[in-house]
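Engineer: For reference, the file final_17.pdb (PDB, C-alpha atoms, pLDDT in the B column) is included below:
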ATOM      1  CA  MET A   1      34.157-102.036 -40.191  1.00 39.00           C
ATOM      2  CA  LEU A   2      31.729-104.879 -40.764  1.00 41.00           C
ATOM      3  CA  ASN A   3      31.700-107.846 -38.435  1.00 46.00           C
ATOM      4  CA  THR A   4      31.245-110.810 -40.776  1.00 44.00           C
ATOM      5  CA  ASN A   5      31.669-113.520 -38.121  1.00 52.00           C
ATOM      6  CA  PHE A   6      28.366-113.177 -36.340  1.00 56.00           C
ATOM      7  CA  GLU A   7      27.190-116.489 -34.935  1.00 62.00           C
ATOM      8  CA  TYR A   8      23.663-117.026 -33.749  1.00 61.00           C
ATOM      9  CA  PHE A   9      23.187-118.374 -30.205  1.00 69.00           C
ATOM     10  CA  THR A  10      20.226-119.070 -27.953  1.00 73.00           C
ATOM     11  CA  ARG A  11      20.031-119.150 -24.164  1.00 72.00           C
ATOM     12  CA  LYS A  12      16.964-120.072 -22.110  1.00 72.00           C
ATOM     13  CA  THR A  13      16.601-119.205 -18.458  1.00 72.00           C
ATOM     14  CA  ASN A  14      13.751-118.498 -16.021  1.00 69.00           C
ATOM     15  CA  ARG A  15      10.956-118.165 -18.615  1.00 73.00           C
ATOM     16  CA  ARG A  16      13.175-116.007 -20.763  1.00 74.00           C
ATOM     17  CA  VAL A  17      14.799-116.698 -24.113  1.00 77.00           C
ATOM     18  CA  ILE A  18      17.617-114.616 -25.508  1.00 76.00           C
ATOM     19  CA  TYR A  19      18.971-114.807 -29.047  1.00 76.00           C
ATOM     20  CA  TYR A  20      22.289-113.049 -29.438  1.00 73.00           C
ATOM     21  CA  TYR A  21      25.438-112.643 -31.498  1.00 69.00           C
ATOM     22  CA  SER A  22      28.860-113.671 -30.293  1.00 62.00           C
ATOM     23  CA  PRO A  23      30.658-110.279 -30.410  1.00 67.00           C
ATOM     24  CA  TYR A  24      28.494-109.145 -27.486  1.00 71.00           C
ATOM     25  CA  ASP A  25      28.350-112.354 -25.449  1.00 72.00           C
ATOM     26  CA  THR A  26      29.983-110.608 -22.456  1.00 76.00           C
ATOM     27  CA  LEU A  27      26.826-108.492 -22.119  1.00 79.00           C
ATOM     28  CA  ILE A  28      24.345-111.367 -22.263  1.00 76.00           C
ATOM     29  CA  ASN A  29      23.893-111.735 -18.498  1.00 78.00           C
ATOM     30  CA  THR A  30      23.257-107.998 -18.315  1.00 83.00           C
ATOM     31  CA  PHE A  31      20.690-108.157 -21.113  1.00 83.00           C
ATOM     32  CA  LEU A  32      18.742-110.809 -19.198  1.00 81.00           C
ATOM     33  CA  ASP A  33      17.760-108.057 -16.755  1.00 86.00           C
ATOM     34  CA  ILE A  34      16.772-105.711 -19.537  1.00 90.00           C
ATOM     35  CA  ASP A  35      13.947-104.018 -17.636  1.00 91.00           C
ATOM     36  CA  ASN A  36      16.561-102.792 -15.163  1.00 91.00           C
ATOM     37  CA  ILE A  37      18.756-101.525 -18.016  1.00 92.00           C
ATOM     38  CA  ILE A  38      15.858 -99.455 -19.343  1.00 93.00           C
ATOM     39  CA  THR A  39      15.152 -98.088 -15.858  1.00 93.00           C
ATOM     40  CA  THR A  40      18.734 -97.198 -14.918  1.00 93.00           C
ATOM     41  CA  LYS A  41      20.660 -96.707 -18.168  1.00 92.00           C
ATOM     42  CA  THR A  42      18.271 -94.836 -20.440  1.00 91.00           C
ATOM     43  CA  VAL A  43      19.681 -91.637 -21.938  1.00 90.00           C
ATOM     44  CA  SER A  44      16.508 -90.701 -23.786  1.00 93.00           C
ATOM     45  CA  ILE A  45      13.141 -92.117 -24.851  1.00 93.00           C
ATOM     46  CA  LEU A  46      13.159 -92.167 -28.644  1.00 91.00           C
ATOM     47  CA  ARG A  47       9.617 -93.383 -29.244  1.00 87.00           C
ATOM     48  CA  GLU A  48       6.502 -94.166 -27.205  1.00 88.00           C
ATOM     49  CA  ASN A  49       3.561 -95.709 -29.056  1.00 83.00           C
ATOM     50  CA  VAL A  50       0.873 -96.430 -26.497  1.00 78.00           C
ATOM     51  CA  LYS A  51      -1.642 -97.731 -29.037  1.00 77.00           C
ATOM     52  CA  HIS A  52       0.692-100.465 -30.312  1.00 77.00           C
ATOM     53  CA  ASN A  53       2.478-101.045 -26.958  1.00 85.00           C
ATOM     54  CA  LYS A  54       5.884-100.209 -28.459  1.00 90.00           C
ATOM     55  CA  SER A  55       8.684 -98.049 -27.087  1.00 93.00           C
ATOM     56  CA  ALA A  56      12.312 -97.319 -28.007  1.00 94.00           C
ATOM     57  CA  PHE A  57      15.100 -96.217 -25.671  1.00 95.00           C
ATOM     58  CA  LEU A  58      18.673 -95.040 -26.158  1.00 95.00           C
ATOM     59  CA  VAL A  59      20.850 -96.541 -23.407  1.00 95.00           C
ATOM     60  CA  ASN A  60      24.486 -96.341 -22.313  1.00 93.00           C
ATOM     61  CA  LEU A  61      25.987 -99.651 -21.258  1.00 87.00           C
ATOM     62  CA  ASP A  62      29.658-100.509 -20.674  1.00 81.00           C
ATOM     63  CA  SER A  63      30.909 -97.680 -22.925  1.00 83.00           C
ATOM     64  CA  HIS A  64      28.514 -98.799 -25.681  1.00 86.00           C
ATOM     65  CA  GLN A  65      25.314 -97.154 -26.851  1.00 92.00           C
ATOM     66  CA  PHE A  66      22.344 -99.280 -27.844  1.00 93.00           C
ATOM     67  CA  ILE A  67      18.775 -98.750 -28.917  1.00 94.00           C
ATOM     68  CA  ILE A  68      16.330-101.027 -27.117  1.00 94.00           C
ATOM     69  CA  GLU A  69      12.928-101.510 -28.721  1.00 93.00           C
ATOM     70  CA  ARG A  70      10.307-102.874 -26.330  1.00 92.00           C
ATOM     71  CA  HIS A  71       7.095-104.518 -27.485  1.00 89.00           C
ATOM     72  CA  ARG A  72       4.425-105.592 -25.011  1.00 86.00           C
ATOM     73  CA  ILE A  73       2.246-108.356 -26.479  1.00 83.00           C
ATOM     74  CA  ASN A  74      -1.073-108.142 -24.677  1.00 79.00           C
ATOM     75  CA  SER A  75      -3.551-110.163 -26.731  1.00 75.00           C
ATOM     76  CA  ILE A  76      -3.591-113.963 -26.667  1.00 75.00           C
ATOM     77  CA  GLY A  77      -3.979-114.056 -30.452  1.00 74.00           C
ATOM     78  CA  LYS A  78      -0.836-111.988 -31.011  1.00 73.00           C
ATOM     79  CA  ARG A  79       1.105-114.089 -28.497  1.00 70.00           C
ATOM     80  CA  LEU A  80       0.136-117.263 -30.319  1.00 71.00           C
ATOM     81  CA  LYS A  81       1.016-115.760 -33.703  1.00 70.00           C
ATOM     82  CA  ARG A  82       4.357-114.558 -32.337  1.00 67.00           C
ATOM     83  CA  ALA A  83       5.165-118.000 -30.957  1.00 65.00           C
ATOM     84  CA  ILE A  84       4.510-119.624 -34.362  1.00 65.00           C
ATOM     85  CA  LYS A  85       6.147-117.082 -36.645  1.00 67.00           C
ATOM     86  CA  ASN A  86       8.283-114.334 -35.169  1.00 67.00           C
ATOM     87  CA  PRO A  87       9.374-111.560 -37.601  1.00 66.00           C
ATOM     88  CA  THR A  88      11.887-110.208 -35.091  1.00 73.00           C
ATOM     89  CA  LYS A  89      13.639-113.566 -34.905  1.00 75.00           C
ATOM     90  CA  LYS A  90      13.737-113.561 -38.717  1.00 81.00           C
ATOM     91  CA  LEU A  91      15.456-110.173 -38.490  1.00 84.00           C
ATOM     92  CA  LEU A  92      18.328-111.733 -36.531  1.00 83.00           C
ATOM     93  CA  GLU A  93      18.584-114.676 -38.900  1.00 84.00           C
ATOM     94  CA  ASN A  94      18.671-112.299 -41.880  1.00 89.00           C
ATOM     95  CA  ALA A  95      21.332-110.196 -40.163  1.00 88.00           C
ATOM     96  CA  SER A  96      23.600-113.218 -39.910  1.00 86.00           C
ATOM     97  CA  MET A  97      23.201-113.978 -43.632  1.00 89.00           C
ATOM     98  CA  LEU A  98      23.683-110.377 -44.731  1.00 92.00           C
ATOM     99  CA  LEU A  99      26.802-109.806 -42.657  1.00 89.00           C
ATOM    100  CA  LYS A 100      28.384-112.971 -44.027  1.00 88.00           C
ATOM    101  CA  HIS A 101      27.943-111.441 -47.488  1.00 91.00           C
ATOM    102  CA  GLU A 102      29.486-108.160 -46.225  1.00 91.00           C
ATOM    103  CA  ILE A 103      26.251-106.268 -46.756  1.00 94.00           C
ATOM    104  CA  PRO A 104      26.150-103.233 -44.425  1.00 94.00           C
ATOM    105  CA  ILE A 105      23.215-103.203 -41.996  1.00 94.00           C
ATOM    106  CA  VAL A 106      22.177-101.704 -38.684  1.00 92.00           C
ATOM    107  CA  GLU A 107      23.415-104.543 -36.491  1.00 88.00           C
ATOM    108  CA  PRO A 108      20.865-106.196 -34.200  1.00 87.00           C
ATOM    109  CA  ILE A 109      22.623-107.409 -31.066  1.00 86.00           C
ATOM    110  CA  ALA A 110      20.028-109.459 -29.245  1.00 86.00           C
ATOM    111  CA  LEU A 111      16.368-110.411 -28.990  1.00 86.00           C
ATOM    112  CA  ILE A 112      15.055-111.072 -25.485  1.00 87.00           C
ATOM    113  CA  GLN A 113      11.643-112.688 -25.035  1.00 85.00           C
ATOM    114  CA  HIS A 114       9.771-112.929 -21.729  1.00 85.00           C
ATOM    115  CA  TYR A 115       7.315-115.822 -21.621  1.00 81.00           C
ATOM    116  CA  SER A 116       4.088-116.450 -19.729  1.00 80.00           C
ATOM    117  CA  LEU A 117       2.173-119.760 -19.976  1.00 77.00           C
ATOM    118  CA  GLY A 118       4.399-120.797 -22.862  1.00 74.00           C
ATOM    119  CA  PHE A 119       3.838-117.677 -24.994  1.00 78.00           C
ATOM    120  CA  PRO A 120       5.915-114.492 -25.385  1.00 77.00           C
ATOM    121  CA  LYS A 121       4.394-111.556 -23.496  1.00 84.00           C
ATOM    122  CA  LYS A 122       7.231-109.038 -23.981  1.00 88.00           C
ATOM    123  CA  GLU A 123      10.011-108.672 -26.529  1.00 89.00           C
ATOM    124  CA  PHE A 124      13.100-106.492 -26.476  1.00 91.00           C
ATOM    125  CA  LEU A 125      15.191-105.962 -29.600  1.00 91.00           C
ATOM    126  CA  VAL A 126      18.654-104.536 -28.912  1.00 91.00           C
ATOM    127  CA  ASN A 127      20.338-102.730 -31.817  1.00 91.00           C
ATOM    128  CA  LYS A 128      23.740-101.138 -32.075  1.00 89.00           C
ATOM    129  CA  TYR A 129      23.414 -97.342 -32.070  1.00 93.00           C
ATOM    130  CA  TYR A 130      24.667 -95.358 -35.056  1.00 94.00           C
ATOM    131  CA  LYS A 131      24.818 -91.607 -35.406  1.00 93.00           C
ATOM    132  CA  GLY A 132      23.397 -90.892 -38.837  1.00 95.00           C
ATOM    133  CA  MET A 133      20.427 -89.709 -40.878  1.00 96.00           C
ATOM    134  CA  ILE A 134      17.535 -91.697 -42.279  1.00 96.00           C
ATOM    135  CA  GLY A 135      17.774 -91.693 -46.071  1.00 97.00           C
ATOM    136  CA  CYS A 136      14.547 -89.753 -46.631  1.00 96.00           C
ATOM    137  CA  ASP A 137      15.981 -86.872 -44.561  1.00 97.00           C
ATOM    138  CA  TYR A 138      19.448 -87.186 -46.092  1.00 98.00           C
ATOM    139  CA  PHE A 139      18.016 -86.902 -49.621  1.00 97.00           C
ATOM    140  CA  SER A 140      15.297 -84.355 -48.872  1.00 97.00           C
ATOM    141  CA  SER A 141      15.131 -81.116 -50.846  1.00 95.00           C
ATOM    142  CA  GLU A 142      16.215 -79.182 -47.715  1.00 96.00           C
ATOM    143  CA  SER A 143      19.082 -81.550 -46.832  1.00 97.00           C
ATOM    144  CA  PRO A 144      22.424 -79.995 -45.819  1.00 96.00           C
ATOM    145  CA  MET A 145      24.140 -83.066 -47.321  1.00 97.00           C
ATOM    146  CA  LYS A 146      23.615 -82.276 -51.016  1.00 97.00           C
ATOM    147  CA  SER A 147      27.345 -81.956 -51.719  1.00 97.00           C
ATOM    148  CA  HIS A 148      27.713 -85.626 -50.724  1.00 98.00           C
ATOM    149  CA  TRP A 149      24.742 -86.951 -52.668  1.00 98.00           C
ATOM    150  CA  GLU A 150      26.644 -88.282 -55.672  1.00 97.00           C
ATOM    151  CA  SER A 151      29.101 -90.354 -53.631  1.00 97.00           C
ATOM    152  CA  ALA A 152      26.223 -91.511 -51.407  1.00 97.00           C
ATOM    153  CA  MET A 153      24.202 -92.629 -54.430  1.00 97.00           C
ATOM    154  CA  ASN A 154      27.183 -94.565 -55.733  1.00 97.00           C
ATOM    155  CA  ALA A 155      27.451 -96.246 -52.317  1.00 97.00           C
ATOM    156  CA  ILE A 156      23.756 -97.205 -52.574  1.00 97.00           C
ATOM    157  CA  LEU A 157      24.474 -98.595 -56.054  1.00 96.00           C
ATOM    158  CA  ASN A 158      27.249-100.744 -54.565  1.00 96.00           C
ATOM    159  CA  LEU A 159      24.851-101.884 -51.846  1.00 96.00           C
ATOM    160  CA  SER A 160      22.277-102.902 -54.451  1.00 95.00           C
ATOM    161  CA  LEU A 161      24.929-104.804 -56.419  1.00 95.00           C
ATOM    162  CA  LYS A 162      25.934-106.719 -53.293  1.00 95.00           C
ATOM    163  CA  LEU A 163      22.307-107.616 -52.674  1.00 95.00           C
ATOM    164  CA  LYS A 164      22.026-108.721 -56.282  1.00 95.00           C
ATOM    165  CA  ALA A 165      25.208-110.816 -56.203  1.00 94.00           C
ATOM    166  CA  ALA A 166      23.943-112.635 -53.100  1.00 94.00           C
ATOM    167  CA  LYS A 167      20.421-112.979 -54.589  1.00 95.00           C
ATOM    168  CA  PHE A 168      18.656-110.988 -51.882  1.00 95.00           C
ATOM    169  CA  THR A 169      15.494-108.980 -52.477  1.00 93.00           C
ATOM    170  CA  HIS A 170      13.958-106.385 -50.141  1.00 92.00           C
ATOM    171  CA  ASP A 171      10.197-105.963 -49.919  1.00 89.00           C
ATOM    172  CA  TYR A 172      10.566-102.245 -49.073  1.00 92.00           C
ATOM    173  CA  PHE A 173      13.860-101.065 -50.596  1.00 95.00           C
ATOM    174  CA  ARG A 174      13.620 -97.288 -50.260  1.00 95.00           C
ATOM    175  CA  SER A 175      15.380 -94.337 -48.656  1.00 96.00           C
ATOM    176  CA  GLN A 176      13.181 -94.598 -45.539  1.00 95.00           C
ATOM    177  CA  ASN A 177      14.780 -97.974 -44.841  1.00 95.00           C
ATOM    178  CA  ILE A 178      18.384 -96.847 -45.176  1.00 96.00           C
ATOM    179  CA  LEU A 179      20.429 -95.130 -42.491  1.00 97.00           C
ATOM    180  CA  MET A 180      23.174 -92.902 -43.863  1.00 98.00           C
ATOM    181  CA  VAL A 181      26.263 -93.029 -41.640  1.00 97.00           C
ATOM    182  CA  ASP A 182      29.334 -91.088 -42.809  1.00 97.00           C
ATOM    183  CA  HIS A 183      27.558 -90.765 -46.181  1.00 97.00           C
ATOM    184  CA  LYS A 184      27.323 -94.534 -46.603  1.00 97.00           C
ATOM    185  CA  PRO A 185      24.131 -96.638 -46.399  1.00 97.00           C
ATOM    186  CA  LEU A 186      23.194 -99.176 -43.756  1.00 97.00           C
ATOM    187  CA  LEU A 187      20.093-101.298 -44.363  1.00 95.00           C
ATOM    188  CA  VAL A 188      17.321-101.267 -41.781  1.00 91.00           C
ATOM    189  CA  ASP A 189      14.006-103.137 -41.758  1.00 87.00           C
ATOM    190  CA  ILE A 190      15.977-106.264 -42.644  1.00 90.00           C
ATOM    191  CA  GLN A 191      13.217-108.647 -41.571  1.00 88.00           C
ATOM    192  CA  ASN A 192      11.815-107.865 -45.020  1.00 90.00           C
ATOM    193  CA  ILE A 193      14.905-109.206 -46.782  1.00 92.00           C
ATOM    194  CA  ASN A 194      14.358-112.464 -48.654  1.00 90.00           C
ATOM    195  CA  LYS A 195      16.769-114.941 -50.200  1.00 91.00           C
ATOM    196  CA  PHE A 196      15.586-115.567 -53.753  1.00 89.00           C
ATOM    197  CA  ASN A 197      15.520-119.206 -54.845  1.00 86.00           C
ATOM    198  CA  GLY A 198      13.925-118.884 -58.279  1.00 78.00           C
ATOM    199  CA  ASP A 199      15.585-118.914 -61.689  1.00 84.00           C
ATOM    200  CA  GLU A 200      17.944-116.175 -62.848  1.00 88.00           C
ATOM    201  CA  ARG A 201      15.433-114.460 -65.116  1.00 89.00           C
ATOM    202  CA  ALA A 202      12.823-114.237 -62.362  1.00 90.00           C
ATOM    203  CA  PHE A 203      15.423-112.823 -59.973  1.00 92.00           C
ATOM    204  CA  GLU A 204      16.466-110.153 -62.494  1.00 91.00           C
ATOM    205  CA  ILE A 205      12.850-108.998 -62.616  1.00 91.00           C
ATOM    206  CA  GLU A 206      12.507-108.980 -58.809  1.00 91.00           C
ATOM    207  CA  HIS A 207      15.728-107.021 -58.417  1.00 92.00           C
ATOM    208  CA  GLY A 208      14.488-104.550 -61.021  1.00 92.00           C
ATOM    209  CA  PHE A 209      11.297-104.105 -59.009  1.00 93.00           C
ATOM    210  CA  ASP A 210      13.416-103.263 -55.928  1.00 94.00           C
ATOM    211  CA  ILE A 211      15.267-100.526 -57.824  1.00 94.00           C
ATOM    212  CA  ASP A 212      12.009 -99.254 -59.318  1.00 93.00           C
ATOM    213  CA  TYR A 213      10.527 -99.087 -55.809  1.00 94.00           C
ATOM    214  CA  PHE A 214      13.476 -97.056 -54.502  1.00 95.00           C
ATOM    215  CA  TYR A 215      13.279 -94.687 -57.465  1.00 95.00           C
ATOM    216  CA  ARG A 216       9.539 -94.097 -57.116  1.00 94.00           C
ATOM    217  CA  TYR A 217       9.803 -93.408 -53.384  1.00 94.00           C
ATOM    218  CA  LEU A 218      12.328 -90.633 -54.076  1.00 95.00           C
ATOM    219  CA  ARG A 219       9.590 -88.547 -55.714  1.00 94.00           C
ATOM    220  CA  PHE A 220       9.530 -86.351 -52.593  1.00 95.00           C
ATOM    221  CA  SER A 221      12.921 -84.984 -53.748  1.00 96.00           C
ATOM    222  CA  PRO A 222      13.084 -84.477 -57.565  1.00 95.00           C
ATOM    223  CA  ASP A 223      16.821 -83.648 -57.584  1.00 96.00           C
ATOM    224  CA  ALA A 224      17.664 -86.803 -55.623  1.00 96.00           C
ATOM    225  CA  GLN A 225      15.389 -88.876 -57.833  1.00 95.00           C
ATOM    226  CA  LYS A 226      17.076 -87.520 -60.965  1.00 95.00           C
ATOM    227  CA  LEU A 227      20.540 -88.266 -59.541  1.00 96.00           C
ATOM    228  CA  PHE A 228      19.447 -91.785 -58.579  1.00 96.00           C
ATOM    229  CA  GLY A 229      18.317 -92.342 -62.163  1.00 94.00           C
ATOM    230  CA  GLU A 230      21.643 -91.134 -63.519  1.00 94.00           C
ATOM    231  CA  VAL A 231      23.777 -93.221 -61.150  1.00 95.00           C
ATOM    232  CA  PHE A 232      21.697 -96.364 -61.664  1.00 94.00           C
ATOM    233  CA  GLY A 233      21.484 -95.899 -65.419  1.00 89.00           C
ATOM    234  CA  LEU A 234      17.717 -95.494 -65.446  1.00 83.00           C
ATOM    235  CA  ASN A 235      17.822 -92.570 -67.856  1.00 65.00           C
ATOM    236  CA  LYS A 236      19.042 -94.637 -70.791  1.00 55.00           C
ATOM    237  CA  PRO A 237      16.793 -94.629 -73.884  1.00 47.00           C
ATOM    238  CA  ASN A 238      14.216 -97.424 -73.984  1.00 47.00           C
ATOM    239  CA  PHE A 239      14.944 -98.531 -70.399  1.00 48.00           C
ATOM    240  CA  HIS A 240      12.229-100.742 -68.893  1.00 49.00           C
ATOM    241  CA  PHE A 241      12.289-102.015 -65.312  1.00 47.00           C
ATOM    242  CA  SER A 242      10.553-105.234 -66.284  1.00 43.00           C
ATOM    243  CA  THR A 243      13.141-106.196 -68.899  1.00 39.00           C
ATOM    244  CA  GLN A 244      16.426-104.828 -67.600  1.00 43.00           C
ATOM    245  CA  THR A 245      17.955-104.720 -64.147  1.00 41.00           C
ATOM    246  CA  PRO A 246      19.714-101.490 -63.181  1.00 40.00           C
ATOM    247  CA  GLY A 247      23.416-102.000 -62.597  1.00 39.00           C
ATOM    248  CA  ALA A 248      23.559-105.206 -64.653  1.00 36.00           C
ATOM    249  CA  SER A 249      26.188-103.695 -66.940  1.00 30.00           C
ATOM    250  CA  PHE A 250      28.426-103.040 -63.924  1.00 27.00           C
ATOM    251  CA  LEU A 251      28.690-106.715 -62.898  1.00 26.00           C
TER     252      LEU A 251
END
Would you write the structure of this file as structure tokens?
Structural biologist:
Amino acid sequence: MLNTNFEYFTRKTNRRVIYYYSPYDTLINTFLDIDNIITTKTVSILRENVKHNKSAFLVNLDSHQFIIERHRINSIGKRLKRAIKNPTKKLLENASMLLKHEIPIVEPIALIQHYSLGFPKKEFLVNKYYKGMIGCDYFSSESPMKSHWESAMNAILNLSLKLKAAKFTHDYFRSQNILMVDHKPLLVDIQNINKFNGDERAFEIEHGFDIDYFYRYLRFSPDAQKLFGEVFGLNKPNFHFSTQTPGASFL
């Protein structure tokens, strides 16, 4: 069930800033000591990227499971850039907007920043953990989920219509950025969601580009791509992405 009452709060303490959502405010004091959580509560290390100073951990905490993504910011230039324009903070702001429109996403719980000399040196993004499959695996040619594809594609259609109704566009709308949970899609990579403020005609074109992008990135699985085209009405005669938005006839 979606939580549509997320409120966005900030707390500053001891050279640390934490941005968090109200449903998890009882865990905020615990999150402030997030290094200790990673040390003592980690179930598994999901990712370790030494080159880019990024890691991801699955942790158990108070009967909840979370994924903590850690980013060490070593260079002064990157710290300055992060202080001016932080894409992770935008992710939380986008999450609040999307949830208020009942658009299903992987819920970010908190962003914790550790500061040194006025600049962030470490960031921790805490996400709710979901047991599911990334869309590119779910719709792969070898997927064991093929019997559910049609209902899943219709759920993605409904997701796209919700995005359209709220005038959101996604820079990278594709199966790689959708998590399938119980055969229903949750958006990830939501820092690349944008609220469109142009005229209706321009938005129709942008939304069409999003659908086109999703369709093209399904080329790794011809059967899934064909089904996507059928569900979204892309196989109609004389259909052009630049002049017609998929799903428009369903609104």
Engineer: So the first atom is atom CA of Ala165 of chain A and the second is atom CA of Tyr213 of chain A; what is the distance between them in Å, to one decimal place?
Structural biologist: 18.8 Å
Engineer: Which of these, A:Leu32, A:Thr26, A:Thr10, A:Leu163, has the shortest distance to Leu99 of chain A once you count all atoms listed in the file?
Structural biologist: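 Smallest separation from Leu99 of chain A among the options: A:Leu163.
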Engineer: Mind pulling up the distance from atom CA of Gly208 of chain A to atom CA of His170 of chain A?
Structural biologist: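 Between atom CA of His170 of chain A and atom CA of Gly208 of chain A the gap is 11.0 Å.
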Engineer: Looking at A:Phe173, A:Tyr129, A:Phe119, A:Tyr24, which one is nearest to Tyr217 of chain A, with distances taken over all atoms listed in the file?
Structural biologist: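 For Tyr217 of chain A, the nearest of the given residues is A:Phe173.
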Engineer: I'd like to know which of A:Leu125, A:Leu218, A:Ile103, A:Ala56 is closest to Phe31 of chain A, using all atoms listed in the file.
Structural biologist: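 Closest residue, counting all atoms listed in the file: A:Leu125.
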Engineer: For a quick check of understanding, using all atoms listed in the file, which of A:Glu102, A:Glu230, A:Asp25, A:Glu200 has the smallest distance to Met153 of chain A?
Structural biologist: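 That would be A:Glu230, the residue with the smallest distance to Met153 of chain A.
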Engineer: Would you mind telling me which residue in A:Glu107, A:Asp199, A:Asp212, A:Asp33 lies nearest to Arg174 of chain A when using all atoms listed in the file?
Structural biologist: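 Answer, going by the shortest atom-to-atom distance: A:Asp212.
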Engineer: If I take atom CA of Gly198 of chain A and atom CA of Ile178 of chain A, how far is one from the other in Å, to one decimal?
Structural biologist: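 Taking atom CA of Gly198 of chain A as the start and atom CA of Ile178 of chain A as the end point, the length is 26.0 Å.
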Engineer: Calculated over all atoms listed in the file, which of the candidates A:His52, A:Lys128, A:His183, A:Lys122 has the smallest distance to Ala152 of chain A?
Structural biologist: A:His183
Engineer: Can you turn the PyMOL selection byres ((chain A and resi 12) around 12) into a concrete residue list for this file, as a count of residues only?
Structural biologist: 19
Engineer: Spell out the residues picked by the PyMOL selection byres ((chain A and resi 51) around 12) here, as a list of chain:residue names.
Structural biologist: A:Glu48, A:Asn49, A:Val50, A:His52, A:Asn53, A:Lys54, A:Ser55, A:His71, A:Arg72, A:Ile73, A:Asn74
Engineer: Taking the file as shown, what set of residues would the PyMOL selection byres ((chain A and resi 151) around 12) give back, as a ChimeraX atom specification?
Structural biologist: /A:145-150,152-158,180,182-185,227-228,231
